[in-house]
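In what follows, a single structure is set out as structure tokens and then discussed.
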Protein chains: 2
Amino acid sequence: MSTKRRKVRRGRPLKASSPPDMQQRILDAAEDHFSRHGFWGVTVREVAQEAKVDTALLHYYFDTKRGLFDAVFERRAEIINKERIESIDAYVKEAGSAITVEGVIDAFLQPILRRAATGDQHWHNYFALIAQVNNTPAWGGETMGRTFDPVIHHLIDALRKALPDVSEQELYWSYHFLSGALTLTLSQTGRIDRLSEGLCKSSDFTAIAQRMAPFIASGFERLCKPQTAAKRKKS
Amino acid sequence: MSTKRRKVRRGRPLKASSPPDMQQRILDAAEDHFSRHGFWGVTVREVAQEAKVDTALLHYYFDTKRGLFDAVFERRAEIINKERIESIDAYVKEAGSAITVEGVIDAFLQPILRRAATGDQHWHNYFALIAQVNNTPAWGGETMGRTFDPVIHHLIDALRKALPDVSEQELYWSYHFLSGALTLTLSQTGRIDRLSEGLCKSSDFTAIAQRMAPFIASGFERLCKPQTAAKRKKS
DNA sequence: ACAATTATTCATCACATGATGAATAGAATG
DNA sequence: CATTCTATTCATCATGTGATGAATAATTGT
């Protein structure tokens, strides 16, 4: 029990330890936790512990817990947004006048579903995070809008080309349903696994990629092409 | 500064205060908070304060915070589940051999959308709560399944009648998309308001009720009726 | 070589958290 | 009317919380 001063390792670390980069390590750990439990379900200590750093470092880089969360949310948003715009533009150019609703929607979904299909855990977590945010009444709409609305307007512009004289309202409502379907898909709760008794798997993004665009495109056409509404229920 | 013992009001209250019933008041307050911020975003103190009771009472009735959450979640589930089953059964009986996919889905959606359309704040909060849970990766799938799967199987049974020889997988995936669209609708984040610059409103359940069943039914038919897939993309 | 800057850990603060045992007043029971 | 039961509040506990200032070592700039 002597008062020996244990020599502690403090201050800047040796160069060797940086490669994965502390900031990235913190962001990865935060992404992992936030995606599973949401903003309030995570403590900065948990994140710091997983990243193997002191909580003070986390505040040093990201100021507040909220700052960390926003940094996580925006990190991959830019990447995916760029990919989605490129994908849509490529399809529109390639299809020319033969543009279809299903083609546009497929082009919009591809970047996300492809990334999800690789099984990369980081992207996986990130998508689940989007799902959480999109269903957070308090501030989800604002955050989602700020981050993704430009791309969505790009999508809607492309859809207008495939649907001449379409009503704006129908277009937005249709996107709303698309957004919901996509969000639940990305949140990966495993519910459909249980419901279907193993017949369908939340993680089977190949199956999803095959079905989602046709399903959604069909809904769009039904809502946005009045003439298709011929077989209206008569009762 | 005398040591006068301030006479505090303790013990069982006068009868007059019970009418709204303490348990109900706590559940209402909890519903309000949980729906907005999720399980981790709420403290028992906040709930107790809004319900104007001591936190101890809350533990007295519901044991733990989690117990309170589950009680909130289950309270209205029974009601809505019963209504949905009755609605589906009524439609199936009424339609007879003229049963349609859109009719079944409409019957399934009606009870929820009708309640949402009244603007009742309590149901409103409850639906947002469902949305939160449905997108909680950690335990959302399990909770949702336990609470709602029986009704969903009922829905799927009815859909089978409208879609003879349908593939089970297509049926479940279609429901998955339906579930996502409905969930986002109920979560009411206001995102579509911003996106459409006020043209569409999250709270406009009349508009949703008119569009959702046709949109979703069309997707179902596209996926579940192979012969409809004639106009496959050729490129 | 020295000074300034940057990245990191340590120690700690003020306050919030879920939970609980004891106290107490009214209601129910006999 | 005495006893037991139920519903409620009070006071408090141990732990967890986000955050921060000081210390310190490596790096960078001069």
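In the structure tokens, each chain is lettered A, B, ... as it comes, each chain's residues begin at 1, and ligands are numbered from 1 in order of appearance.
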Next on the checklist: Applying 12 Å and only C-alpha atoms (C1' of nucleotides), which residues near DA14 in chain C remain after dropping the ones on its own chain fewer than 6 positions away? List them as a PyMOL selection string.
Outcome noted: chain D and resi 17-20
Once you have the residues from the selection above, write them out as a tab-separated table (two decimals), in the first residue's frame, restricted to C-alpha atoms (C1' of nucleotides).
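To be explicit, this is the file written out as result.tsv:
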```tsv
chain	number	residue	atom	x	y	z
D	17	DT	C1'	-24.28	10.12	-17.04
D	18	DG	C1'	-22.19	13.76	-20.33
D	19	DA	C1'	-18.80	16.73	-19.90
D	20	DT	C1'	-14.30	19.20	-18.79
```
Next on the checklist: List the spatial neighbours of range 44-50 of chain A as a ChimeraX atom specification - criterion: any atom at most 10 Å away, only C-alpha atoms (C1' of nucleotides), same-chain residues fewer than 4 positions off excluded.
Outcome noted: /A:25-34,54-59,64-65,68 /D:16-18
Write a file of the just-selected residues containing N, CA and C atoms (P, O5', C5', C4', C3', O3' and C1' of nucleotides), as an mmCIF file, in the first residue's frame.
```
data_model
loop_
_atom_site.group_PDB
_atom_site.id
_atom_site.type_symbol
_atom_site.label_atom_id
_atom_site.label_comp_id
_atom_site.auth_asym_id
_atom_site.auth_seq_id
_atom_site.Cartn_x
_atom_site.Cartn_y
_atom_site.Cartn_z
ATOM 1 N N ARG A 25 -12.035 4.962 -35.920
ATOM 2 C CA ARG A 25 -12.357 3.899 -34.968
ATOM 3 C C ARG A 25 -13.530 4.307 -34.087
ATOM 4 N N ILE A 26 -13.518 5.561 -33.672
ATOM 5 C CA ILE A 26 -14.625 6.054 -32.844
ATOM 6 C C ILE A 26 -15.929 6.041 -33.645
ATOM 7 N N LEU A 27 -15.853 6.513 -34.872
ATOM 8 C CA LEU A 27 -17.063 6.547 -35.699
ATOM 9 C C LEU A 27 -17.620 5.149 -35.928
ATOM 10 N N ASP A 28 -16.727 4.204 -36.174
ATOM 11 C CA ASP A 28 -17.184 2.826 -36.386
ATOM 12 C C ASP A 28 -17.887 2.289 -35.146
ATOM 13 N N ALA A 29 -17.259 2.514 -34.011
ATOM 14 C CA ALA A 29 -17.853 2.024 -32.758
ATOM 15 C C ALA A 29 -19.199 2.696 -32.514
ATOM 16 N N ALA A 30 -19.248 3.992 -32.760
ATOM 17 C CA ALA A 30 -20.486 4.732 -32.535
ATOM 18 C C ALA A 30 -21.580 4.243 -33.481
ATOM 19 N N GLU A 31 -21.220 4.049 -34.722
ATOM 20 C CA GLU A 31 -22.171 3.552 -35.720
ATOM 21 C C GLU A 31 -22.773 2.232 -35.254
ATOM 22 N N ASP A 32 -21.893 1.373 -34.810
ATOM 23 C CA ASP A 32 -22.311 0.062 -34.321
ATOM 24 C C ASP A 32 -23.346 0.187 -33.206
ATOM 25 N N HIS A 33 -23.063 1.022 -32.230
ATOM 26 C CA HIS A 33 -23.974 1.137 -31.091
ATOM 27 C C HIS A 33 -25.238 1.929 -31.430
ATOM 28 N N PHE A 34 -25.060 3.056 -32.068
ATOM 29 C CA PHE A 34 -26.235 3.874 -32.387
ATOM 30 C C PHE A 34 -27.222 3.110 -33.263
ATOM 31 N N ASP A 54 -10.351 6.954 -24.448
ATOM 32 C CA ASP A 54 -10.984 7.629 -23.329
ATOM 33 C C ASP A 54 -12.152 8.467 -23.840
ATOM 34 N N THR A 55 -13.154 8.625 -22.984
ATOM 35 C CA THR A 55 -14.322 9.408 -23.409
ATOM 36 C C THR A 55 -13.926 10.844 -23.757
ATOM 37 N N ALA A 56 -12.882 11.334 -23.119
ATOM 38 C CA ALA A 56 -12.465 12.713 -23.381
ATOM 39 C C ALA A 56 -12.042 12.893 -24.840
ATOM 40 N N LEU A 57 -11.479 11.863 -25.418
ATOM 41 C CA LEU A 57 -11.019 11.976 -26.805
ATOM 42 C C LEU A 57 -12.206 12.138 -27.751
ATOM 43 N N LEU A 58 -13.223 11.435 -27.413
ATOM 44 C CA LEU A 58 -14.459 11.499 -28.161
ATOM 45 C C LEU A 58 -15.045 12.915 -28.122
ATOM 46 N N HIS A 59 -14.983 13.531 -26.987
ATOM 47 C CA HIS A 59 -15.450 14.917 -26.903
ATOM 48 C C HIS A 59 -14.478 15.862 -27.602
ATOM 49 N N THR A 64 -19.861 17.118 -28.665
ATOM 50 C CA THR A 64 -20.922 16.545 -27.836
ATOM 51 C C THR A 64 -21.329 15.175 -28.379
ATOM 52 N N LYS A 65 -22.134 14.508 -27.598
ATOM 53 C CA LYS A 65 -22.656 13.207 -28.024
ATOM 54 C C LYS A 65 -23.450 13.378 -29.315
ATOM 55 N N LEU A 68 -21.254 13.664 -32.277
ATOM 56 C CA LEU A 68 -20.782 12.350 -32.716
ATOM 57 C C LEU A 68 -21.838 11.653 -33.557
ATOM 58 P P DG D 16 -22.801 1.276 -12.795
ATOM 59 O "O5'" DG D 16 -23.431 2.442 -13.685
ATOM 60 C "C5'" DG D 16 -24.839 2.491 -13.827
ATOM 61 C "C4'" DG D 16 -25.212 3.735 -14.599
ATOM 62 C "C3'" DG D 16 -24.294 4.053 -15.769
ATOM 63 O "O3'" DG D 16 -25.123 4.424 -16.855
ATOM 64 C "C1'" DG D 16 -24.395 5.909 -14.291
ATOM 65 P P DT D 17 -24.571 4.723 -18.284
ATOM 66 O "O5'" DT D 17 -24.487 6.300 -18.306
ATOM 67 C "C5'" DT D 17 -25.716 7.055 -18.301
ATOM 68 C "C4'" DT D 17 -25.416 8.522 -18.249
ATOM 69 C "C3'" DT D 17 -24.325 8.990 -19.174
ATOM 70 O "O3'" DT D 17 -24.873 9.170 -20.447
ATOM 71 C "C1'" DT D 17 -24.276 10.121 -17.041
ATOM 72 P P DG D 18 -23.945 9.353 -21.730
ATOM 73 O "O5'" DG D 18 -23.599 10.909 -21.713
ATOM 74 C "C5'" DG D 18 -24.659 11.851 -21.822
ATOM 75 C "C4'" DG D 18 -24.122 13.232 -21.569
ATOM 76 C "C3'" DG D 18 -23.042 13.696 -22.548
ATOM 77 O "O3'" DG D 18 -23.304 15.049 -22.907
ATOM 78 C "C1'" DG D 18 -22.185 13.755 -20.335
#
```
Next on the checklist: Only residues of chain D matter here; which ones have an atom within 12 Å of chain B, counting only C-alpha atoms (C1' of nucleotides)? Give them as a ChimeraX atom specification.
Outcome noted: /D:5-11
Item to check | Distance of CA of Ile105 in chain B from CA of Glu221 in chain A, expressed in Å to one decimal place | outcome: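 These two atoms are separated by 18.1 Å.
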Using only C-alpha atoms (C1' of nucleotides), I'd like a table of the residues in chain C that come within 10 Å of chain A; for each, show the closest atom pair and its distance in Å rounded to one decimal, ordered by chain and ascending number, as a tab-separated table.
```
residue	atom	partner	partner_atom	distance
C:DT6	C1'	A:Arg12	CA	8.2
C:DA7	C1'	A:Arg12	CA	5.0
C:DT8	C1'	A:Gly11	CA	4.7
C:DT9	C1'	A:Arg10	CA	4.9
C:DC10	C1'	A:Arg10	CA	8.0
```
For C-alpha atoms (C1' of nucleotides), I'd like the residues from the last selection saved as a compact mmCIF listing (two decimals), in the first residue's frame.
```txt
# COMPACT_ATOMS: atom_id res chain seq x y z
C1' DT C 6 -1.85 18.40 -31.39
C1' DA C 7 -3.57 14.07 -29.63
C1' DT C 8 -4.27 11.53 -25.90
C1' DT C 9 -5.24 9.94 -20.89
C1' DC C 10 -6.46 10.91 -16.00
```
Show me, as CSV, the residues of chain B having an atom within 6 Å of chain A, each with the closest atom pair and its distance in Å, using only C-alpha atoms.
```
residue,atom,partner,partner_atom,distance
B:Arg36,CA,A:Ala138,CA,5.7
B:Trp40,CA,A:Gly41,CA,4.9
B:Gly41,CA,A:Trp40,CA,5.0
B:Gln132,CA,A:Asn135,CA,5.9
B:Asn135,CA,A:Ser187,CA,5.7
B:Pro137,CA,A:Thr189,CA,4.5
B:Ala138,CA,A:Arg36,CA,5.7
B:Gly141,CA,A:Arg191,CA,4.3
B:Phe177,CA,A:Ala181,CA,4.6
B:Gly180,CA,A:Ala181,CA,4.1
B:Ala181,CA,A:Gly180,CA,4.1
B:Leu184,CA,A:Gly180,CA,4.9
B:Ser187,CA,A:Asn135,CA,5.7
B:Thr189,CA,A:Pro137,CA,4.5
B:Gly190,CA,A:Gly141,CA,5.5
B:Arg191,CA,A:Gly141,CA,4.3
B:Phe215,CA,A:Gly219,CA,4.1
B:Ser218,CA,A:Gly219,CA,5.3
B:Gly219,CA,A:Phe215,CA,4.1
```
Item to check | Nearest candidate to Asp89 in chain B (options B:Arg114, B:His124, B:Arg76, B:His154; using only C-alpha atoms) | outcome: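 Of B:Arg114, B:His124, B:Arg76, B:His154, the one nearest Asp89 in chain B is B:His154, counting only C-alpha atoms.
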Checklist entry - Rounded to one decimal in Å, what is the spacing between CA of Ala117 in chain A and CA of Val166 in chain B? => result 26.3 Å
Next on the checklist: Which residues are close to range 107-112 of chain B, i.e. within 6 Å by only C-alpha atoms (C1' of nucleotides), leaving aside same-chain residues fewer than 4 positions away? Reply as a list of chain:residue names.
Outcome noted: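 After dropping sequence-adjacent residues, the list is B:Arg84, B:Ser87, B:Ile88.
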Keeping N, CA and C atoms for every residue in the selection just given, could you write it to a file as a JSON list (two decimals), in the first residue's frame?
```
[["chain", "number", "residue", "atom", "x", "y", "z"],
["B", 84, "ARG", "N", -59.09, -5.53, -36.44],
["B", 84, "ARG", "CA", -58.57, -5.91, -37.75],
["B", 84, "ARG", "C", -59.09, -7.27, -38.19],
["B", 87, "SER", "N", -62.67, -6.91, -39.20],
["B", 87, "SER", "CA", -62.79, -6.20, -40.48],
["B", 87, "SER", "C", -62.48, -7.12, -41.65],
["B", 88, "ILE", "N", -61.42, -7.90, -41.50],
["B", 88, "ILE", "CA", -61.06, -8.84, -42.57],
["B", 88, "ILE", "C", -62.16, -9.87, -42.76]]
```
